[in-house]
2 protein chains.
Amino acid sequence: MSAASTPEGGVSTGSTTRRAELLAIAARLFAEKGFKNTTVRDIADAAGILSGSLYHHFDSKESMVDEILSTFQEALFAQYDEILASDDDARTKLERAVRVSFEAIEQHGPEVAIFQNDADHLVTFERFGYLADRNAQSRQVWVTLLEEGVRTGVLRADLDVTLTYRFIRDTVWVAVRWYRPGGRHTHTEVADQYVRILLDGISASSVVE
Amino acid sequence: MSAASTPEGGVSTGSTTRRAELLAIAARLFAEKGFKNTTVRDIADAAGILSGSLYHHFDSKESMVDEILSTFQEALFAQYDEILASDDDARTKLERAVRVSFEAIEQHGPEVAIFQNDADHLVTFERFGYLADRNAQSRQVWVTLLEEGVRTGVLRADLDVTLTYRFIRDTVWVAVRWYRPGGRHTHTEVADQYVRILLDGISASSVVE
DNA sequence: CACAGCCTACCAAGCATTTGCTTGGTATGG
DNA sequence: CCATACCAAGCAAATGCTTGGTAGGCTGTG
């Protein structure tokens with residue numbers, strides 16, 4: 001029923017412009033109000049059209065968020081993979097991973113926010129299984145970096161790697177809730193400040209045995 | 001959720017009032033699925049009653065979450081105030097504040113989760129204005145502690161206090177997403193690990209000029 | 001160069017379901 | 001006999017999505 005009314009040629013071609021515009025509008029609203037809490041009428045209003053007209057461009061509300069998230073995840077993990085495969089030492093890799101993450105918040109805030117806020121809910125649908133995979137993959141990236149750091153003596157030997165991973169992940173990604181491009185700090189500054197605290201702590205005299 | 005088998009707290013525990021039971025059920029669901037995404041029928045099903053019957057106990061869905069959050073916030077800030085007013089040095093106060101927070105996650109997980117996930121949305125309603133107040137108050141607690149630390153020379157002088165506050169707040173409270181009572185770590189262990197990283201970093205050799 | 005045909009983007013109207021909540025009635029223990 | 005706790009039925013609004021139609025630009029052909 002759906003394929004009949006939707007011109008097949010318009011899927012990959014068509015007006016990429018309008019389609020991309022609508023996706024950007026939807027992403028912003030999903031990030032602001034949450035996926036479930038954003039109605040197709042909200043999106044249509046923001047785009048200046050009627051809700052029914054959205055279905056000329058997309059199959060469903062789900063397919064919109066699907067396209068938004070999958071595209072973003074693809075790009076992000078390409079960067080992580082590059083860092084993992086690089087020749088940098090563990091400390092530099094960690095720094096780069098943190099920077100890349102804050103950069104993603106800067107450049108793809110809505111996508112990060114949607115992933116943070118709605119992934120748990122979306123993952124219950126088969127269609128979004130890849131989100132769980134990506135999550136596991138992300139964990140693997142960080143844990144690998146941390147273990148490499150411990151092994152090479154760059155990081156403390158008594159570190160609980162899993163727990164540390166969670167702390168880093170939480171701090172970095174939840175920053176999407178308060179970080180605003182053009183605000184008091186650049187994303188690079190925020191990343192540097194966090195790396196400094198993460199590596200050396202906030203204590204004035206950090207004499208570690 | 002098989003409402004037929006054993007509705008949550010269906011067997012009246014006698015001592016606890018039915019009202020409190022229903023609030024606990026609602027809190028768990030709000031935390032799991034989000035406030036807006038939880039229907040009154042969800043709550044009623046979990047309680048083994050019909051949705052309309054909830055309105056014998058509560059005015060509205062909003063008043064349920066209101067009662068859940070306000071009660072919790074009251075208790076939490078009493079603890080913060082006690083720490084602020086104590087004679088401990090800045091470092092000890094910070095440690096205590098972190099511990100109290102993880103303790104809240106342990107003992108009032110649903111309440112913390114609701115506050116984390118839905119406060120932004122709820123705060124747009126006049127009724128929940130106190131949530132914004134409490135948020136500002138919390139910020140004040142942490143910033144005061146950090147500034148005291150810098151002033152007394154316990155913490156690094158070049159610390160960006162506001163940024164540090166955000167990092168701490170994010171890491172501590174978002175832990176509610178993964179921390180599970182009875183899991184691999186106690187809340188005290190998690191708090192200690194975090195305090196250690198926060199103060200001294202994860203680096204093996206902290207060279208702080 | 002006119003014009004039929006087609007395509008993109010949208011409108012207008014509405015349908016089925018879900019949702020928060022209401023109203024009037026009922027069973028049961030004290 | 002009365003308060004507590006609940007049921008039965010349903011309403012109005014909101015929500016995701018469908019259907020049939022239209023305006024305007026572009027294209028190829030005679």
# chains A, B, ... in the order shown; residues from 1 in each chain; ligands from 1

$ interface_residues --of "chain B" --to "chain D" --cutoff "12 Å" --atoms "only C-alpha atoms (C1' of nucleotides)" --output "list in words"
Ser12, Thr17, Arg18, Arg19, Ala44, Ala47, Gly48, Ile49, Leu50, Ser51, Gly52, Ser53, Leu54, Tyr55, His56 and His57 of chain B

$ write_last_selection --atoms "N, CA and C atoms" --output "short mmCIF file (atom, residue, chain, number, x, y, z; two decimals), in the first residue's frame"
data_model
loop_
_atom_site.label_atom_id
_atom_site.label_comp_id
_atom_site.auth_asym_id
_atom_site.auth_seq_id
_atom_site.Cartn_x
_atom_site.Cartn_y
_atom_site.Cartn_z
N SER B 12 -2.32 -6.65 49.40
CA SER B 12 -2.17 -5.46 50.23
C SER B 12 -1.27 -5.75 51.41
N THR B 17 -0.07 2.36 52.86
CA THR B 17 -1.37 2.72 52.33
C THR B 17 -1.42 2.42 50.84
N ARG B 18 -2.61 2.27 50.34
CA ARG B 18 -2.80 2.00 48.93
C ARG B 18 -2.25 3.14 48.09
N ARG B 19 -2.42 4.31 48.60
CA ARG B 19 -1.94 5.50 47.92
C ARG B 19 -0.43 5.44 47.69
N ALA B 44 -2.49 1.75 35.99
CA ALA B 44 -3.62 1.00 36.52
C ALA B 44 -3.42 -0.50 36.29
N ALA B 47 -1.11 -1.98 38.63
CA ALA B 47 -1.67 -2.01 39.98
C ALA B 47 -2.84 -2.99 40.08
N GLY B 48 -3.27 -3.51 38.91
CA GLY B 48 -4.36 -4.47 38.91
C GLY B 48 -5.73 -3.84 39.05
N ILE B 49 -5.85 -2.59 38.64
CA ILE B 49 -7.15 -1.92 38.70
C ILE B 49 -7.44 -1.25 37.36
N LEU B 50 -8.56 -0.60 37.24
CA LEU B 50 -8.88 0.12 36.01
C LEU B 50 -8.39 1.56 36.12
N SER B 51 -8.15 2.14 34.94
CA SER B 51 -7.53 3.47 34.93
C SER B 51 -8.38 4.51 35.67
N GLY B 52 -9.67 4.41 35.51
CA GLY B 52 -10.54 5.38 36.17
C GLY B 52 -10.41 5.35 37.68
N SER B 53 -10.09 4.19 38.21
CA SER B 53 -10.01 4.04 39.65
C SER B 53 -8.84 4.82 40.26
N LEU B 54 -7.86 5.14 39.42
CA LEU B 54 -6.74 5.94 39.92
C LEU B 54 -7.22 7.30 40.41
N TYR B 55 -8.30 7.77 39.81
CA TYR B 55 -8.76 9.12 40.11
C TYR B 55 -9.55 9.19 41.41
N HIS B 56 -9.68 8.04 42.03
CA HIS B 56 -10.20 8.04 43.39
C HIS B 56 -9.09 8.47 44.36
N HIS B 57 -7.83 8.21 43.93
CA HIS B 57 -6.69 8.51 44.81
C HIS B 57 -5.99 9.82 44.44
#

$ residues_around --residues "range 75-77 of chain B" --least-positions-apart "6" --cutoff "10 Å" --atoms "only C-alpha atoms (C1' of nucleotides)" --output "compact mmCIF listing (two decimals) with N, CA and C atoms, in the first residue's frame"
# COMPACT_ATOMS: atom_id res chain seq x y z
N ILE B 83 25.52 19.00 54.77
CA ILE B 83 26.93 18.92 54.37
C ILE B 83 27.53 20.31 54.27
N VAL B 100 26.39 11.04 48.99
CA VAL B 100 24.96 11.24 49.21
C VAL B 100 24.18 11.11 47.90
N SER B 101 24.78 11.57 46.81
CA SER B 101 24.11 11.50 45.52
C SER B 101 23.97 10.07 45.05
N GLU B 103 23.99 7.55 46.88
CA GLU B 103 23.08 6.90 47.82
C GLU B 103 21.62 7.16 47.41
N ALA B 104 21.38 8.36 46.92
CA ALA B 104 20.03 8.69 46.46
C ALA B 104 19.65 7.83 45.26
N HIS B 108 16.51 5.85 45.87
CA HIS B 108 15.38 6.49 45.21
C HIS B 108 15.60 6.57 43.71
N ARG B 134 15.07 24.13 42.69
CA ARG B 134 15.91 23.11 43.28
C ARG B 134 17.17 22.89 42.45
N GLN B 137 19.47 25.61 43.16
CA GLN B 137 19.99 25.40 44.51
C GLN B 137 21.10 24.35 44.51
N SER B 138 20.87 23.29 43.77
CA SER B 138 21.86 22.22 43.66
C SER B 138 23.15 22.75 43.07
N VAL B 141 25.04 24.62 45.60
CA VAL B 141 25.72 23.75 46.56
C VAL B 141 27.07 23.32 46.02

$ select_by_dssp --residues "chain A" --states "helix (DSSP H, G or I)" --output "ChimeraX atom specification"
/A:2-5,8-10,16-33,40-47,51-56,61-85,90-107,109-122,126-151,161-177,187-200

$ atom_distance --atom1 "CA of Asn117 in chain B" --atom2 "CA of Ala31 in chain B"
7.9 Å

$ closest_atom_pairs --of "chain C" --to "chain B" --cutoff "12 Å" --atoms "only C-alpha atoms (C1' of nucleotides)" --output "Markdown table"
| residue | atom | partner | partner_atom | distance |
| --- | --- | --- | --- | --- |
| C:DT18 | C1' | B:Thr39 | CA | 9.5 |
| C:DT19 | C1' | B:Thr39 | CA | 7.2 |
| C:DG20 | C1' | B:Val40 | CA | 7.5 |
| C:DC21 | C1' | B:Gly52 | CA | 7.6 |
| C:DT22 | C1' | B:Gly52 | CA | 8.5 |
| C:DT23 | C1' | B:Gly52 | CA | 10.4 |

$ interface_residues --of "chain A" --to "chain B" --cutoff "9 Å" --atoms "only C-alpha atoms" --output "PDB file with N, CA, C and O atoms, in the first residue's frame"
ATOM      1  N   LYS A  33      11.957  17.839  22.401  1.00  0.00           N
ATOM      2  CA  LYS A  33      10.804  17.351  23.125  1.00  0.00           C
ATOM      3  C   LYS A  33      10.764  15.844  23.293  1.00  0.00           C
ATOM      4  O   LYS A  33       9.862  15.329  23.954  1.00  0.00           O
ATOM      5  N   LYS A  36       8.752  10.472  21.051  1.00  0.00           N
ATOM      6  CA  LYS A  36       7.336  10.145  21.236  1.00  0.00           C
ATOM      7  C   LYS A  36       6.512  11.399  21.499  1.00  0.00           C
ATOM      8  O   LYS A  36       5.362  11.491  21.088  1.00  0.00           O
ATOM      9  N   ASN A  37       7.109  12.325  22.143  1.00  0.00           N
ATOM     10  CA  ASN A  37       6.419  13.539  22.553  1.00  0.00           C
ATOM     11  C   ASN A  37       6.360  14.590  21.443  1.00  0.00           C
ATOM     12  O   ASN A  37       5.771  15.646  21.617  1.00  0.00           O
ATOM     13  N   ARG A  91      47.262   7.652  25.640  1.00  0.00           N
ATOM     14  CA  ARG A  91      46.814   8.938  26.182  1.00  0.00           C
ATOM     15  C   ARG A  91      46.308   9.855  25.070  1.00  0.00           C
ATOM     16  O   ARG A  91      45.266  10.487  25.192  1.00  0.00           O
ATOM     17  N   ASN A 117      18.481  10.415  24.589  1.00  0.00           N
ATOM     18  CA  ASN A 117      17.184  10.440  25.266  1.00  0.00           C
ATOM     19  C   ASN A 117      16.253   9.304  24.864  1.00  0.00           C
ATOM     20  O   ASN A 117      15.440   8.861  25.658  1.00  0.00           O
ATOM     21  N   ASP A 120      16.982   4.104  24.364  1.00  0.00           N
ATOM     22  CA  ASP A 120      16.457   3.018  25.189  1.00  0.00           C
ATOM     23  C   ASP A 120      15.071   2.589  24.725  1.00  0.00           C
ATOM     24  O   ASP A 120      14.748   1.404  24.692  1.00  0.00           O
ATOM     25  N   HIS A 121      14.263   3.562  24.366  1.00  0.00           N
ATOM     26  CA  HIS A 121      12.916   3.254  23.938  1.00  0.00           C
ATOM     27  C   HIS A 121      12.893   2.697  22.527  1.00  0.00           C
ATOM     28  O   HIS A 121      12.204   1.724  22.222  1.00  0.00           O
ATOM     29  N   GLY A 149      45.793   1.804  27.764  1.00  0.00           N
ATOM     30  CA  GLY A 149      46.453   2.766  28.645  1.00  0.00           C
ATOM     31  C   GLY A 149      47.000   2.126  29.897  1.00  0.00           C
ATOM     32  O   GLY A 149      48.119   2.429  30.332  1.00  0.00           O
ATOM     33  N   VAL A 150      46.243   1.220  30.474  1.00  0.00           N
ATOM     34  CA  VAL A 150      46.697   0.539  31.683  1.00  0.00           C
ATOM     35  C   VAL A 150      47.892  -0.362  31.349  1.00  0.00           C
ATOM     36  O   VAL A 150      48.896  -0.386  32.071  1.00  0.00           O
ATOM     37  N   GLY A 153      51.092   1.389  30.887  1.00  0.00           N
ATOM     38  CA  GLY A 153      51.548   2.131  32.051  1.00  0.00           C
ATOM     39  C   GLY A 153      51.208   3.610  32.045  1.00  0.00           C
ATOM     40  O   GLY A 153      51.648   4.363  32.902  1.00  0.00           O
ATOM     41  N   VAL A 154      50.417   4.016  31.079  1.00  0.00           N
ATOM     42  CA  VAL A 154      50.026   5.429  31.007  1.00  0.00           C
ATOM     43  C   VAL A 154      48.940   5.722  32.032  1.00  0.00           C
ATOM     44  O   VAL A 154      48.892   6.809  32.610  1.00  0.00           O
ATOM     45  N   LEU A 155      48.081   4.740  32.266  1.00  0.00           N
ATOM     46  CA  LEU A 155      46.992   4.918  33.236  1.00  0.00           C
ATOM     47  C   LEU A 155      47.245   4.059  34.473  1.00  0.00           C
ATOM     48  O   LEU A 155      47.995   3.066  34.418  1.00  0.00           O
ATOM     49  N   ARG A 156      46.625   4.445  35.570  1.00  0.00           N
ATOM     50  CA  ARG A 156      46.785   3.731  36.832  1.00  0.00           C
ATOM     51  C   ARG A 156      46.438   2.252  36.685  1.00  0.00           C
ATOM     52  O   ARG A 156      45.441   1.901  36.035  1.00  0.00           O
ATOM     53  N   ALA A 157      47.222   1.411  37.298  1.00  0.00           N
ATOM     54  CA  ALA A 157      47.021  -0.033  37.173  1.00  0.00           C
ATOM     55  C   ALA A 157      45.776  -0.498  37.927  1.00  0.00           C
ATOM     56  O   ALA A 157      45.162  -1.506  37.573  1.00  0.00           O
ATOM     57  N   LEU A 159      42.919   0.843  38.023  1.00  0.00           N
ATOM     58  CA  LEU A 159      41.703   1.421  37.446  1.00  0.00           C
ATOM     59  C   LEU A 159      40.648   0.352  37.161  1.00  0.00           C
ATOM     60  O   LEU A 159      40.953  -0.707  36.613  1.00  0.00           O
ATOM     61  N   ASP A 160      39.414   0.631  37.546  1.00  0.00           N
ATOM     62  CA  ASP A 160      38.289  -0.219  37.136  1.00  0.00           C
ATOM     63  C   ASP A 160      37.858   0.270  35.755  1.00  0.00           C
ATOM     64  O   ASP A 160      37.177   1.280  35.617  1.00  0.00           O
ATOM     65  N   LEU A 163      34.015   0.689  34.944  1.00  0.00           N
ATOM     66  CA  LEU A 163      33.429   1.814  35.658  1.00  0.00           C
ATOM     67  C   LEU A 163      33.926   3.133  35.062  1.00  0.00           C
ATOM     68  O   LEU A 163      33.138   4.072  34.841  1.00  0.00           O
ATOM     69  N   THR A 164      35.201   3.198  34.771  1.00  0.00           N
ATOM     70  CA  THR A 164      35.769   4.410  34.184  1.00  0.00           C
ATOM     71  C   THR A 164      35.125   4.712  32.839  1.00  0.00           C
ATOM     72  O   THR A 164      34.807   5.869  32.528  1.00  0.00           O
ATOM     73  N   ARG A 166      32.142   4.031  31.930  1.00  0.00           N
ATOM     74  CA  ARG A 166      30.801   4.596  32.165  1.00  0.00           C
ATOM     75  C   ARG A 166      30.871   6.054  32.572  1.00  0.00           C
ATOM     76  O   ARG A 166      30.081   6.882  32.104  1.00  0.00           O
ATOM     77  N   PHE A 167      31.822   6.363  33.441  1.00  0.00           N
ATOM     78  CA  PHE A 167      31.969   7.752  33.876  1.00  0.00           C
ATOM     79  C   PHE A 167      32.252   8.654  32.676  1.00  0.00           C
ATOM     80  O   PHE A 167      31.638   9.715  32.516  1.00  0.00           O
ATOM     81  N   ILE A 168      33.185   8.230  31.836  1.00  0.00           N
ATOM     82  CA  ILE A 168      33.558   9.041  30.669  1.00  0.00           C
ATOM     83  C   ILE A 168      32.375   9.191  29.722  1.00  0.00           C
ATOM     84  O   ILE A 168      32.023  10.295  29.307  1.00  0.00           O
ATOM     85  N   ARG A 169      31.770   8.074  29.378  1.00  0.00           N
ATOM     86  CA  ARG A 169      30.637   8.095  28.458  1.00  0.00           C
ATOM     87  C   ARG A 169      29.546   9.050  28.940  1.00  0.00           C
ATOM     88  O   ARG A 169      29.057   9.895  28.189  1.00  0.00           O
ATOM     89  N   ASP A 170      29.217   8.906  30.226  1.00  0.00           N
ATOM     90  CA  ASP A 170      28.149   9.738  30.769  1.00  0.00           C
ATOM     91  C   ASP A 170      28.497  11.217  30.682  1.00  0.00           C
ATOM     92  O   ASP A 170      27.705  12.032  30.214  1.00  0.00           O
ATOM     93  N   THR A 171      29.683  11.566  31.155  1.00  0.00           N
ATOM     94  CA  THR A 171      30.068  12.978  31.189  1.00  0.00           C
ATOM     95  C   THR A 171      30.114  13.575  29.791  1.00  0.00           C
ATOM     96  O   THR A 171      29.618  14.670  29.553  1.00  0.00           O
ATOM     97  N   VAL A 172      30.723  12.838  28.880  1.00  0.00           N
ATOM     98  CA  VAL A 172      30.895  13.361  27.533  1.00  0.00           C
ATOM     99  C   VAL A 172      29.553  13.545  26.825  1.00  0.00           C
ATOM    100  O   VAL A 172      29.239  14.630  26.337  1.00  0.00           O
ATOM    101  N   VAL A 174      26.337  13.384  27.919  1.00  0.00           N
ATOM    102  CA  VAL A 174      25.273  14.155  28.549  1.00  0.00           C
ATOM    103  C   VAL A 174      25.530  15.650  28.435  1.00  0.00           C
ATOM    104  O   VAL A 174      24.625  16.464  28.606  1.00  0.00           O
ATOM    105  N   ALA A 175      26.759  15.998  28.074  1.00  0.00           N
ATOM    106  CA  ALA A 175      27.064  17.417  27.874  1.00  0.00           C
ATOM    107  C   ALA A 175      26.175  18.022  26.791  1.00  0.00           C
ATOM    108  O   ALA A 175      26.017  19.243  26.724  1.00  0.00           O
ATOM    109  N   TRP A 178      23.657  20.633  27.934  1.00  0.00           N
ATOM    110  CA  TRP A 178      23.930  22.020  28.290  1.00  0.00           C
ATOM    111  C   TRP A 178      24.843  22.730  27.296  1.00  0.00           C
ATOM    112  O   TRP A 178      24.832  23.957  27.218  1.00  0.00           O
ATOM    113  N   VAL A 190      36.009  22.803  26.019  1.00  0.00           N
ATOM    114  CA  VAL A 190      35.330  21.889  26.941  1.00  0.00           C
ATOM    115  C   VAL A 190      36.037  20.537  26.953  1.00  0.00           C
ATOM    116  O   VAL A 190      36.286  19.958  28.015  1.00  0.00           O
ATOM    117  N   GLN A 193      39.355  20.809  28.855  1.00  0.00           N
ATOM    118  CA  GLN A 193      39.127  20.894  30.299  1.00  0.00           C
ATOM    119  C   GLN A 193      38.772  19.526  30.877  1.00  0.00           C
ATOM    120  O   GLN A 193      39.244  19.140  31.941  1.00  0.00           O
ATOM    121  N   TYR A 194      37.941  18.812  30.150  1.00  0.00           N
ATOM    122  CA  TYR A 194      37.532  17.503  30.673  1.00  0.00           C
ATOM    123  C   TYR A 194      38.691  16.518  30.663  1.00  0.00           C
ATOM    124  O   TYR A 194      38.885  15.771  31.628  1.00  0.00           O
ATOM    125  N   ARG A 196      41.765  17.149  30.908  1.00  0.00           N
ATOM    126  CA  ARG A 196      42.668  17.530  32.000  1.00  0.00           C
ATOM    127  C   ARG A 196      42.175  16.973  33.338  1.00  0.00           C
ATOM    128  O   ARG A 196      42.931  16.385  34.101  1.00  0.00           O
ATOM    129  N   ILE A 197      40.896  17.163  33.600  1.00  0.00           N
ATOM    130  CA  ILE A 197      40.321  16.657  34.854  1.00  0.00           C
ATOM    131  C   ILE A 197      40.354  15.128  34.881  1.00  0.00           C
ATOM    132  O   ILE A 197      40.699  14.520  35.886  1.00  0.00           O
ATOM    133  N   LEU A 198      40.003  14.557  33.775  1.00  0.00           N
ATOM    134  CA  LEU A 198      39.962  13.092  33.712  1.00  0.00           C
ATOM    135  C   LEU A 198      41.340  12.498  33.985  1.00  0.00           C
ATOM    136  O   LEU A 198      41.483  11.555  34.762  1.00  0.00           O
ATOM    137  N   LEU A 199      42.358  13.065  33.368  1.00  0.00           N
ATOM    138  CA  LEU A 199      43.697  12.497  33.503  1.00  0.00           C
ATOM    139  C   LEU A 199      44.348  12.869  34.835  1.00  0.00           C
ATOM    140  O   LEU A 199      44.935  12.021  35.507  1.00  0.00           O
ATOM    141  N   ASP A 200      44.240  14.132  35.220  1.00  0.00           N
ATOM    142  CA  ASP A 200      45.002  14.607  36.371  1.00  0.00           C
ATOM    143  C   ASP A 200      44.172  14.944  37.607  1.00  0.00           C
ATOM    144  O   ASP A 200      44.731  15.223  38.666  1.00  0.00           O
ATOM    145  N   GLY A 201      42.863  14.982  37.449  1.00  0.00           N
ATOM    146  CA  GLY A 201      42.029  15.266  38.605  1.00  0.00           C
ATOM    147  C   GLY A 201      41.894  16.749  38.888  1.00  0.00           C
ATOM    148  O   GLY A 201      42.507  17.584  38.226  1.00  0.00           O
ATOM    149  N   ILE A 202      41.079  17.073  39.868  1.00  0.00           N
ATOM    150  CA  ILE A 202      40.857  18.471  40.217  1.00  0.00           C
ATOM    151  C   ILE A 202      41.652  18.869  41.452  1.00  0.00           C
ATOM    152  O   ILE A 202      41.699  20.034  41.826  1.00  0.00           O
ATOM    153  N   SER A 203      42.301  17.902  42.051  1.00  0.00           N
ATOM    154  CA  SER A 203      43.046  18.156  43.274  1.00  0.00           C
ATOM    155  C   SER A 203      44.286  19.004  42.994  1.00  0.00           C
ATOM    156  O   SER A 203      44.876  18.924  41.923  1.00  0.00           O
ATOM    157  N   ALA A 204      44.646  19.839  43.956  1.00  0.00           N
ATOM    158  CA  ALA A 204      45.787  20.732  43.770  1.00  0.00           C
ATOM    159  C   ALA A 204      47.102  19.955  43.803  1.00  0.00           C
ATOM    160  O   ALA A 204      47.949  20.109  42.929  1.00  0.00           O
ATOM    161  N   SER A 205      47.224  19.080  44.745  1.00  0.00           N
ATOM    162  CA  SER A 205      48.442  18.283  44.825  1.00  0.00           C
ATOM    163  C   SER A 205      48.106  16.829  44.568  1.00  0.00           C
ATOM    164  O   SER A 205      47.696  16.110  45.441  1.00  0.00           O
ATOM    165  N   SER A 206      48.276  16.446  43.332  1.00  0.00           N
ATOM    166  CA  SER A 206      47.984  15.063  43.079  1.00  0.00           C
ATOM    167  C   SER A 206      49.226  14.241  43.117  1.00  0.00           C
ATOM    168  O   SER A 206      49.814  13.954  42.112  1.00  0.00           O
ATOM    169  N   VAL A 207      49.581  13.863  44.307  1.00  0.00           N
ATOM    170  CA  VAL A 207      50.741  12.985  44.444  1.00  0.00           C
ATOM    171  C   VAL A 207      50.231  11.556  44.472  1.00  0.00           C
ATOM    172  O   VAL A 207      49.705  11.091  45.473  1.00  0.00           O
ATOM    173  N   VAL A 208      50.416  10.891  43.375  1.00  0.00           N
ATOM    174  CA  VAL A 208      49.933   9.511  43.305  1.00  0.00           C
ATOM    175  C   VAL A 208      51.106   8.571  43.466  1.00  0.00           C
ATOM    176  O   VAL A 208      51.853   8.333  42.540  1.00  0.00           O
ATOM    177  N   GLU A 209      51.243   8.079  44.641  1.00  0.00           N
ATOM    178  CA  GLU A 209      52.319   7.183  45.046  1.00  0.00           C
ATOM    179  C   GLU A 209      53.540   7.351  44.153  1.00  0.00           C
ATOM    180  O   GLU A 209      53.687   6.824  43.115  1.00  0.00           O
TER     181      GLU A 209
END

$ residues_around --residues "Asp89 in chain B" --least-positions-apart "2" --cutoff "10 Å" --atoms "only C-alpha atoms (C1' of nucleotides)" --output "list in words"
Ser86, Asp87, Arg91, Thr92, Lys93, Leu94, Leu145, Glu148, Gly149, Thr152 and Val154 of chain B

$ atom_distance --atom1 "CA of Tyr165 in chain A" --atom2 "CA of Pro181 in chain B"
19.1 Å

$ atom_distance --atom1 "CA of Arg180 in chain A" --atom2 "CA of Glu106 in chain A"
7.4 Å

$ closest_residue --among "A:Phe58, A:Phe35, A:Tyr80, A:Phe30" --to "Thr144 in chain A" --atoms "only C-alpha atoms"
A:Tyr80

$ decode --residues "range 12-23 of chain C" --atoms "N, CA and C atoms (P, O5', C5', C4', C3', O3' and C1' of nucleotides)" --output "compact mmCIF listing (two decimals), in the first residue's frame"
# COMPACT_ATOMS: atom_id res chain seq x y z
P DA C 12 -5.99 23.84 2.34
O5' DA C 12 -7.16 22.75 2.30
C5' DA C 12 -7.53 22.16 1.06
C4' DA C 12 -8.62 21.14 1.30
C3' DA C 12 -9.35 21.25 2.64
O3' DA C 12 -10.72 20.97 2.44
C1' DA C 12 -8.30 19.12 2.48
P DA C 13 -11.80 21.16 3.56
O5' DA C 13 -12.08 19.65 4.02
C5' DA C 13 -12.29 18.66 3.02
C4' DA C 13 -12.19 17.28 3.63
C3' DA C 13 -12.80 17.15 5.03
O3' DA C 13 -13.90 16.26 4.96
C1' DA C 13 -10.70 16.03 4.87
P DG C 14 -14.81 15.91 6.24
O5' DG C 14 -14.17 14.53 6.73
C5' DG C 14 -13.83 13.57 5.75
C4' DG C 14 -12.95 12.52 6.36
C3' DG C 14 -13.38 12.05 7.75
O3' DG C 14 -13.38 10.65 7.78
C1' DG C 14 -11.10 12.46 7.68
P DC C 15 -14.59 9.88 8.56
O5' DC C 15 -14.11 8.38 8.59
C5' DC C 15 -13.11 7.93 7.66
C4' DC C 15 -12.06 7.11 8.38
C3' DC C 15 -12.56 6.55 9.72
O3' DC C 15 -12.16 5.20 9.85
C1' DC C 15 -10.55 7.73 10.03
P DA C 16 -13.04 4.22 10.74
O5' DA C 16 -11.90 3.55 11.62
C5' DA C 16 -10.67 3.15 11.01
C4' DA C 16 -9.59 3.01 12.07
C3' DA C 16 -10.08 2.40 13.38
O3' DA C 16 -9.09 1.49 13.84
C1' DA C 16 -9.16 4.55 13.80
P DT C 17 -9.36 0.58 15.10
O5' DT C 17 -8.37 1.21 16.18
C5' DT C 17 -7.03 1.52 15.79
C4' DT C 17 -6.39 2.47 16.77
C3' DT C 17 -6.57 2.09 18.24
O3' DT C 17 -5.28 1.79 18.76
C1' DT C 17 -6.89 4.42 17.88
P DT C 18 -5.06 1.26 20.25
O5' DT C 18 -4.59 2.60 20.99
C5' DT C 18 -3.66 3.45 20.35
C4' DT C 18 -3.49 4.72 21.14
C3' DT C 18 -3.44 4.53 22.66
O3' DT C 18 -2.32 5.24 23.16
C1' DT C 18 -5.04 6.19 22.11
P DT C 19 -1.82 5.11 24.68
O5' DT C 19 -2.47 6.39 25.35
C5' DT C 19 -2.12 7.68 24.86
C4' DT C 19 -2.95 8.73 25.57
C3' DT C 19 -3.16 8.45 27.06
O3' DT C 19 -2.44 9.39 27.83
C1' DT C 19 -5.18 9.14 26.01
P DG C 20 -2.31 9.22 29.44
O5' DG C 20 -3.25 10.35 30.03
C5' DG C 20 -3.10 11.69 29.61
C4' DG C 20 -4.30 12.51 30.05
C3' DG C 20 -4.61 12.42 31.55
O3' DG C 20 -4.89 13.72 32.05
C1' DG C 20 -6.49 11.74 30.28
P DC C 21 -5.20 13.91 33.64
O5' DC C 21 -6.78 13.71 33.67
C5' DC C 21 -7.59 14.49 32.78
C4' DC C 21 -9.01 14.02 32.84
C3' DC C 21 -9.60 13.85 34.24
O3' DC C 21 -10.57 14.88 34.45
C1' DC C 21 -10.27 12.11 32.76
P DT C 22 -11.45 14.92 35.80
O5' DT C 22 -12.83 14.30 35.31
C5' DT C 22 -13.43 14.79 34.12
C4' DT C 22 -14.82 14.19 33.96
C3' DT C 22 -15.64 14.14 35.26
O3' DT C 22 -16.95 14.63 35.00
C1' DT C 22 -15.52 11.98 34.28
P DT C 23 -17.89 15.02 36.26
O5' DT C 23 -19.04 13.93 36.17
C5' DT C 23 -19.42 13.40 34.91
C4' DT C 23 -20.28 12.16 35.11
C3' DT C 23 -20.98 12.07 36.47
O3' DT C 23 -22.36 11.79 36.27
C1' DT C 23 -19.78 10.08 36.05
